[in-house]
Amino acid sequence: MDSLPPKPSLSTDVQIVGMEEKYFGQVAVFLSTSFGHPPEAIWRQLFQMWWIENPIAKNGGCAMGNVLLAGGEVVGFIGLVPVKYLVFEKAGISYAFTSWYVEEAYRRYSLMLLGQSLDPTTGDIIFNTTATEKIHVILKKFSMQELELPNVQTGIFISNVGIFVKDYLQTFKSRWNNKAIRFFILHGINRVLPLAMLVQNLRLRFKTENPDFSFRITDQCGEEYDALWAAERNAYQRTLFRDAETLNWLLFSHVLKENRILIGCYEKEKLRGYVVLNKLKQGYDLVDLFVADAVCAGFYSALAKFLGSYVRLQKLNHLSLRSTNEPTYKLASELCLFRINASQYDYFYKILNHQDDGTELVKTDRSLYASLLDGDRGLIYQLIGP
């Protein structure tokens with residue numbers, strides 16, 4: 001692996017300072033201008049959620065990232081968002097590394113900004129789950145490791161062929177210049193998909209109804225979610241902390257709640273798991289599925305039947321899910337006729353303030369329970385897309 005370039009020295013008018021509330025306004029303007037989206041007001045709301053409403057950050061002591069200043073003006077930024085995280089059966093702190101941007105005239109300081117941001121004095125682990133291929137190389141040079149998740153598939157449940165083809169498969173037009181090829185591809189798909197959907201819907205229709213299972217949409221996590229987490233948390237060495245307080249913050253903070261849907265899964269009136277959906281323009285993405293180990297046979301079949309009916313009832317065209325863990329893999333097998341092997345899910349991490357190097361993350365299937373709520377993807381999901 002190539003070594004890092006020598007660190008430049010900071011000029012007299014350039015400095016790197018820790019992110020503080022007093023910089024929220026300047027950084028919001030900087031990021032909305034630099035990235036082009038979302039607007040400044042949304043960035044301000046995100047900062048409010050990340051560092052003011054955040055239950056683990058309220059008492060201070062957590063890093064927030066760093067700001068690159070030149071002559072007092074913001075010219076670069078990296079955010080670190082603390083999230084409560086299970087670390088070897090104890091409550092620890094993970095950081096979501098997010099929103100790295102440096103103005104072109106100051107790019108020589110980018111790696112210095114990154115290096116300082118990836119070495120906070122507190123916390124247990126840093127995640128980045130939205131890196132581009134170019135950033136992959138840089139992160140590895142800074143001792144971040146890539147977690148290769150087994151059996152990663154993308155499953156799609158299609159509820160409306162017409163809208164699905166119009167909104168998604170029309171992308172072929174930009175990939176094929178030959179009009180004849182475009183015609184045969186699009187019309188072939190239009191003919192095949194209805195037949196495939198018939199098979200998909202028949203599979204769901206003939207799934208056995210089980211009155212022991214019920215599913216309820218809710219906008220608040222209460223004591224029963226704490227009880228579920230207390231009963232199931234010891235199955236994993238590292239995973240997002242899923243107590244009611246953390247879930248309420250992640251799912252129902254003002255800036256996110258409009259697009260989050262929480263479905264409680266009950267067996268004989270006892271909460272046995274839950275599903276988190278993220279609403280997109282014409283469909284849903286499943287971003288988290290947490291299920292008790294000892295659910296009865298038929299649970300995933302009943303959940304698939306409910307989700308298929310729910311998506312159709314909402315008159316949206318699809319539900320997609322990525323099998324980053326065993327429960328989502330089982331659900332995809334029951335729900336989705338269309339499943340493809342997905343490209344490796346971007347999932348970088350760095351262990352902080354511990355003697356181990358993080359190899360426990362990949363030793364066993366049960367060592368880490370990954371989901372799309374992890375890292376920066378979970379914190380700005382509907383604003384950046386899947």
# chains A, B, ... in the order shown; residues from 1 in each chain; ligands from 1
>>> closest_atom_pairs(of="range 227-322 of chain A", to="range 213-216 of chain A", cutoff="6 Å", atoms="only C-alpha atoms", output="JSON lines")
{"residue": "A:Ile263", "atom": "CA", "partner": "A:Arg216", "partner_atom": "CA", "distance": 5.3}
{"residue": "A:Gly264", "atom": "CA", "partner": "A:Arg216", "partner_atom": "CA", "distance": 5.1}
{"residue": "A:Cys265", "atom": "CA", "partner": "A:Phe215", "partner_atom": "CA", "distance": 4.8}
{"residue": "A:Tyr266", "atom": "CA", "partner": "A:Ser214", "partner_atom": "CA", "distance": 5.1}
{"residue": "A:Glu267", "atom": "CA", "partner": "A:Phe213", "partner_atom": "CA", "distance": 4.6}
>>> residues_around(residues="Arg233 in chain A", least_positions_apart="3", cutoff="10 Å", atoms="only C-alpha atoms", output="list of chain:residue names")
A:Leu86, A:Phe88, A:Glu89, A:Lys90, A:Leu228, A:Trp229, A:Ala230, A:Tyr236, A:Gln237, A:Arg238, A:Thr239, A:Leu240, A:Phe241, A:Arg242, A:Asp243, A:Ala292
>>> write_last_selection(atoms="C-alpha atoms", output="CSV table (one decimal), in the first residue's frame")
chain,number,residue,atom,x,y,z
A,86,LEU,CA,-23.1,-2.2,21.8
A,88,PHE,CA,-18.8,-6.6,23.9
A,89,GLU,CA,-22.1,-6.5,25.9
A,90,LYS,CA,-21.5,-2.9,27.1
A,228,LEU,CA,-36.9,-6.8,23.4
A,229,TRP,CA,-33.4,-5.2,23.3
A,230,ALA,CA,-32.6,-6.4,26.8
A,236,TYR,CA,-24.0,-10.0,19.2
A,237,GLN,CA,-20.6,-8.6,20.0
A,238,ARG,CA,-21.0,-5.3,18.1
A,239,THR,CA,-24.2,-3.7,16.8
A,240,LEU,CA,-26.2,-0.5,16.9
A,241,PHE,CA,-27.8,0.0,20.4
A,242,ARG,CA,-31.5,-0.6,19.9
A,243,ASP,CA,-33.0,0.6,23.1
A,292,ALA,CA,-35.9,-12.2,18.4
>>> select_by_dssp(residues="range 8-133 of chain A", states="strand (DSSP E or B)", output="ChimeraX atom specification")
/A:14-18,65-70,73-87,90-102,125-128
>>> residues_around(residues="Ala302 in chain A", least_positions_apart="5", cutoff="8 Å", atoms="only C-alpha atoms", output="list in words")
Lys207, Thr208, Glu209, Asn210 and Phe213 of chain A
>>> closest_residue(among="A:Glu223, A:Asp285, A:Glu146, A:Glu53", to="Val81 in chain A", atoms="only C-alpha atoms")
A:Glu53
>>> residues_around(residues="Arg260 in chain A", least_positions_apart="3", cutoff="12 Å", atoms="only C-alpha atoms", output="PyMOL selection string")
chain A and resi 217-220+247-257+263+275-280+284-288+373+378-382
>>> residues_around(residues="Glu40 in chain A", least_positions_apart="6", cutoff="9 Å", atoms="only C-alpha atoms", output="list in words")
Gly25, Val27, Ala28, Val29, Phe30, Leu31, Ser32 and Thr33 of chain A
>>> write_last_selection(atoms="N, CA and C atoms", output="mmCIF file, in the first residue's frame")
data_model
loop_
_atom_site.group_PDB
_atom_site.id
_atom_site.type_symbol
_atom_site.label_atom_id
_atom_site.label_comp_id
_atom_site.auth_asym_id
_atom_site.auth_seq_id
_atom_site.Cartn_x
_atom_site.Cartn_y
_atom_site.Cartn_z
ATOM 1 N N GLY A 25 -24.262 27.497 11.650
ATOM 2 C CA GLY A 25 -24.762 28.318 10.551
ATOM 3 C C GLY A 25 -23.798 28.370 9.387
ATOM 4 N N VAL A 27 -21.290 26.312 8.639
ATOM 5 C CA VAL A 27 -21.079 25.007 8.013
ATOM 6 C C VAL A 27 -22.301 24.606 7.187
ATOM 7 N N ALA A 28 -23.508 24.946 7.655
ATOM 8 C CA ALA A 28 -24.722 24.632 6.890
ATOM 9 C C ALA A 28 -24.696 25.331 5.531
ATOM 10 N N VAL A 29 -24.311 26.586 5.509
ATOM 11 C CA VAL A 29 -24.202 27.324 4.245
ATOM 12 C C VAL A 29 -23.128 26.691 3.368
ATOM 13 N N PHE A 30 -21.986 26.369 3.966
ATOM 14 C CA PHE A 30 -20.866 25.786 3.231
ATOM 15 C C PHE A 30 -21.265 24.464 2.572
ATOM 16 N N LEU A 31 -21.906 23.571 3.316
ATOM 17 C CA LEU A 31 -22.247 22.255 2.781
ATOM 18 C C LEU A 31 -23.349 22.336 1.739
ATOM 19 N N SER A 32 -24.353 23.171 1.963
ATOM 20 C CA SER A 32 -25.435 23.280 0.973
ATOM 21 C C SER A 32 -24.906 23.847 -0.336
ATOM 22 N N THR A 33 -23.952 24.767 -0.252
ATOM 23 C CA THR A 33 -23.337 25.334 -1.454
ATOM 24 C C THR A 33 -22.404 24.329 -2.118
#
>>> closest_residue(among="A:Met19, A:Leu204, A:Ala370, A:Val75", to="Trp51 in chain A", atoms="only C-alpha atoms")
A:Met19
>>> atom_distance(atom1="CA of Gln282 in chain A", atom2="CA of Lys305 in chain A")
20.0 Å
>>> atom_distance(atom1="CA of Ile351 in chain A", atom2="CA of Val87 in chain A")
10.6 Å
>>> residues_around(residues="Glu326 in chain A", least_positions_apart="3", cutoff="12 Å", atoms="only C-alpha atoms", output="list in words")
Leu149, Pro150, Asn151, Val152, Gln153, Asp288, Leu289, Phe290, Val291, Ala292, Asp293, Tyr300, Arg322, Ser323, Tyr329, Lys330, Leu331, Ala332, Ser333, Asp365, Arg366, Leu368, Tyr369, Ala370 and Ser371 of chain A
>>> atom_distance(atom1="CA of Lys84 in chain A", atom2="CA of Ile56 in chain A")
6.4 Å
>>> closest_residue(among="A:Ile52, A:Gly155, A:Gly65, A:Glu224", to="Glu269 in chain A", atoms="only C-alpha atoms")
A:Glu224
>>> closest_residue(among="A:Leu303, A:Tyr349, A:Ser117, A:Glu103", to="Ile78 in chain A", atoms="only C-alpha atoms")
A:Ser117
>>> closest_residue(among="A:Trp50, A:Phe77, A:Tyr347, A:Val311", to="Glu133 in chain A", atoms="only C-alpha atoms")
A:Tyr347
>>> closest_residue(among="A:Thr246, A:Ser34, A:Thr132, A:Thr98", to="Leu46 in chain A", atoms="only C-alpha atoms")
A:Thr98
>>> decode(residues="range 245-276 of chain A", atoms="N, CA and C atoms", output="compact mmCIF listing (two decimals), in the first residue's frame")
# COMPACT_ATOMS: atom_id res chain seq x y z
N GLU A 245 -34.82 4.70 23.58
CA GLU A 245 -34.33 6.07 23.46
C GLU A 245 -33.55 6.27 22.17
N THR A 246 -32.65 5.35 21.86
CA THR A 246 -31.85 5.48 20.64
C THR A 246 -32.72 5.35 19.39
N LEU A 247 -33.65 4.40 19.40
CA LEU A 247 -34.53 4.22 18.24
C LEU A 247 -35.42 5.44 18.01
N ASN A 248 -35.97 5.99 19.07
CA ASN A 248 -36.82 7.19 18.92
C ASN A 248 -36.03 8.34 18.31
N TRP A 249 -34.77 8.48 18.73
CA TRP A 249 -33.93 9.54 18.17
C TRP A 249 -33.62 9.28 16.70
N LEU A 250 -33.23 8.05 16.37
CA LEU A 250 -32.85 7.73 14.99
C LEU A 250 -34.03 7.76 14.03
N LEU A 251 -35.21 7.36 14.51
CA LEU A 251 -36.34 7.20 13.60
C LEU A 251 -37.28 8.39 13.56
N PHE A 252 -37.41 9.09 14.69
CA PHE A 252 -38.48 10.07 14.79
C PHE A 252 -38.02 11.49 15.10
N SER A 253 -36.72 11.76 14.95
CA SER A 253 -36.28 13.15 15.01
C SER A 253 -36.95 13.93 13.89
N HIS A 254 -37.17 15.21 14.11
CA HIS A 254 -37.98 16.03 13.21
C HIS A 254 -37.54 15.93 11.76
N VAL A 255 -36.25 15.97 11.51
CA VAL A 255 -35.76 16.03 10.14
C VAL A 255 -35.93 14.70 9.40
N LEU A 256 -36.14 13.59 10.12
CA LEU A 256 -36.21 12.27 9.49
C LEU A 256 -37.60 11.64 9.53
N LYS A 257 -38.42 12.02 10.50
CA LYS A 257 -39.62 11.22 10.79
C LYS A 257 -40.64 11.17 9.66
N GLU A 258 -40.64 12.14 8.78
CA GLU A 258 -41.62 12.15 7.69
C GLU A 258 -41.47 10.94 6.79
N ASN A 259 -40.25 10.42 6.68
CA ASN A 259 -40.00 9.32 5.75
C ASN A 259 -39.70 7.99 6.44
N ARG A 260 -39.76 7.95 7.76
CA ARG A 260 -39.50 6.70 8.48
C ARG A 260 -40.81 6.02 8.84
N ILE A 261 -40.87 4.71 8.68
CA ILE A 261 -42.04 3.93 9.06
C ILE A 261 -41.56 2.77 9.93
N LEU A 262 -42.10 2.68 11.14
CA LEU A 262 -41.74 1.62 12.07
C LEU A 262 -42.91 0.66 12.21
N ILE A 263 -42.64 -0.62 12.00
CA ILE A 263 -43.67 -1.66 12.09
C ILE A 263 -43.26 -2.64 13.18
N GLY A 264 -44.03 -2.69 14.26
CA GLY A 264 -43.79 -3.65 15.32
C GLY A 264 -44.33 -5.02 14.93
N CYS A 265 -43.56 -6.05 15.22
CA CYS A 265 -43.93 -7.42 14.87
C CYS A 265 -44.24 -8.19 16.16
N TYR A 266 -45.46 -8.70 16.27
CA TYR A 266 -45.93 -9.31 17.51
C TYR A 266 -46.26 -10.78 17.31
N GLU A 267 -45.94 -11.57 18.32
CA GLU A 267 -46.32 -12.97 18.37
C GLU A 267 -47.11 -13.19 19.66
N LYS A 268 -48.39 -13.49 19.52
CA LYS A 268 -49.28 -13.64 20.67
C LYS A 268 -49.20 -12.41 21.58
N GLU A 269 -49.28 -11.24 20.94
CA GLU A 269 -49.33 -9.93 21.60
C GLU A 269 -48.02 -9.52 22.27
N LYS A 270 -46.94 -10.26 22.06
CA LYS A 270 -45.64 -9.88 22.60
C LYS A 270 -44.74 -9.41 21.47
N LEU A 271 -44.10 -8.26 21.65
CA LEU A 271 -43.20 -7.73 20.62
C LEU A 271 -42.03 -8.68 20.43
N ARG A 272 -41.84 -9.12 19.18
CA ARG A 272 -40.76 -10.07 18.87
C ARG A 272 -39.79 -9.52 17.84
N GLY A 273 -40.05 -8.31 17.37
CA GLY A 273 -39.16 -7.70 16.41
C GLY A 273 -39.78 -6.46 15.81
N TYR A 274 -39.08 -5.86 14.87
CA TYR A 274 -39.63 -4.69 14.18
C TYR A 274 -38.94 -4.50 12.84
N VAL A 275 -39.62 -3.77 11.99
CA VAL A 275 -39.11 -3.42 10.66
C VAL A 275 -39.08 -1.90 10.55
N VAL A 276 -38.03 -1.35 9.97
CA VAL A 276 -37.95 0.08 9.67
C VAL A 276 -37.89 0.25 8.16
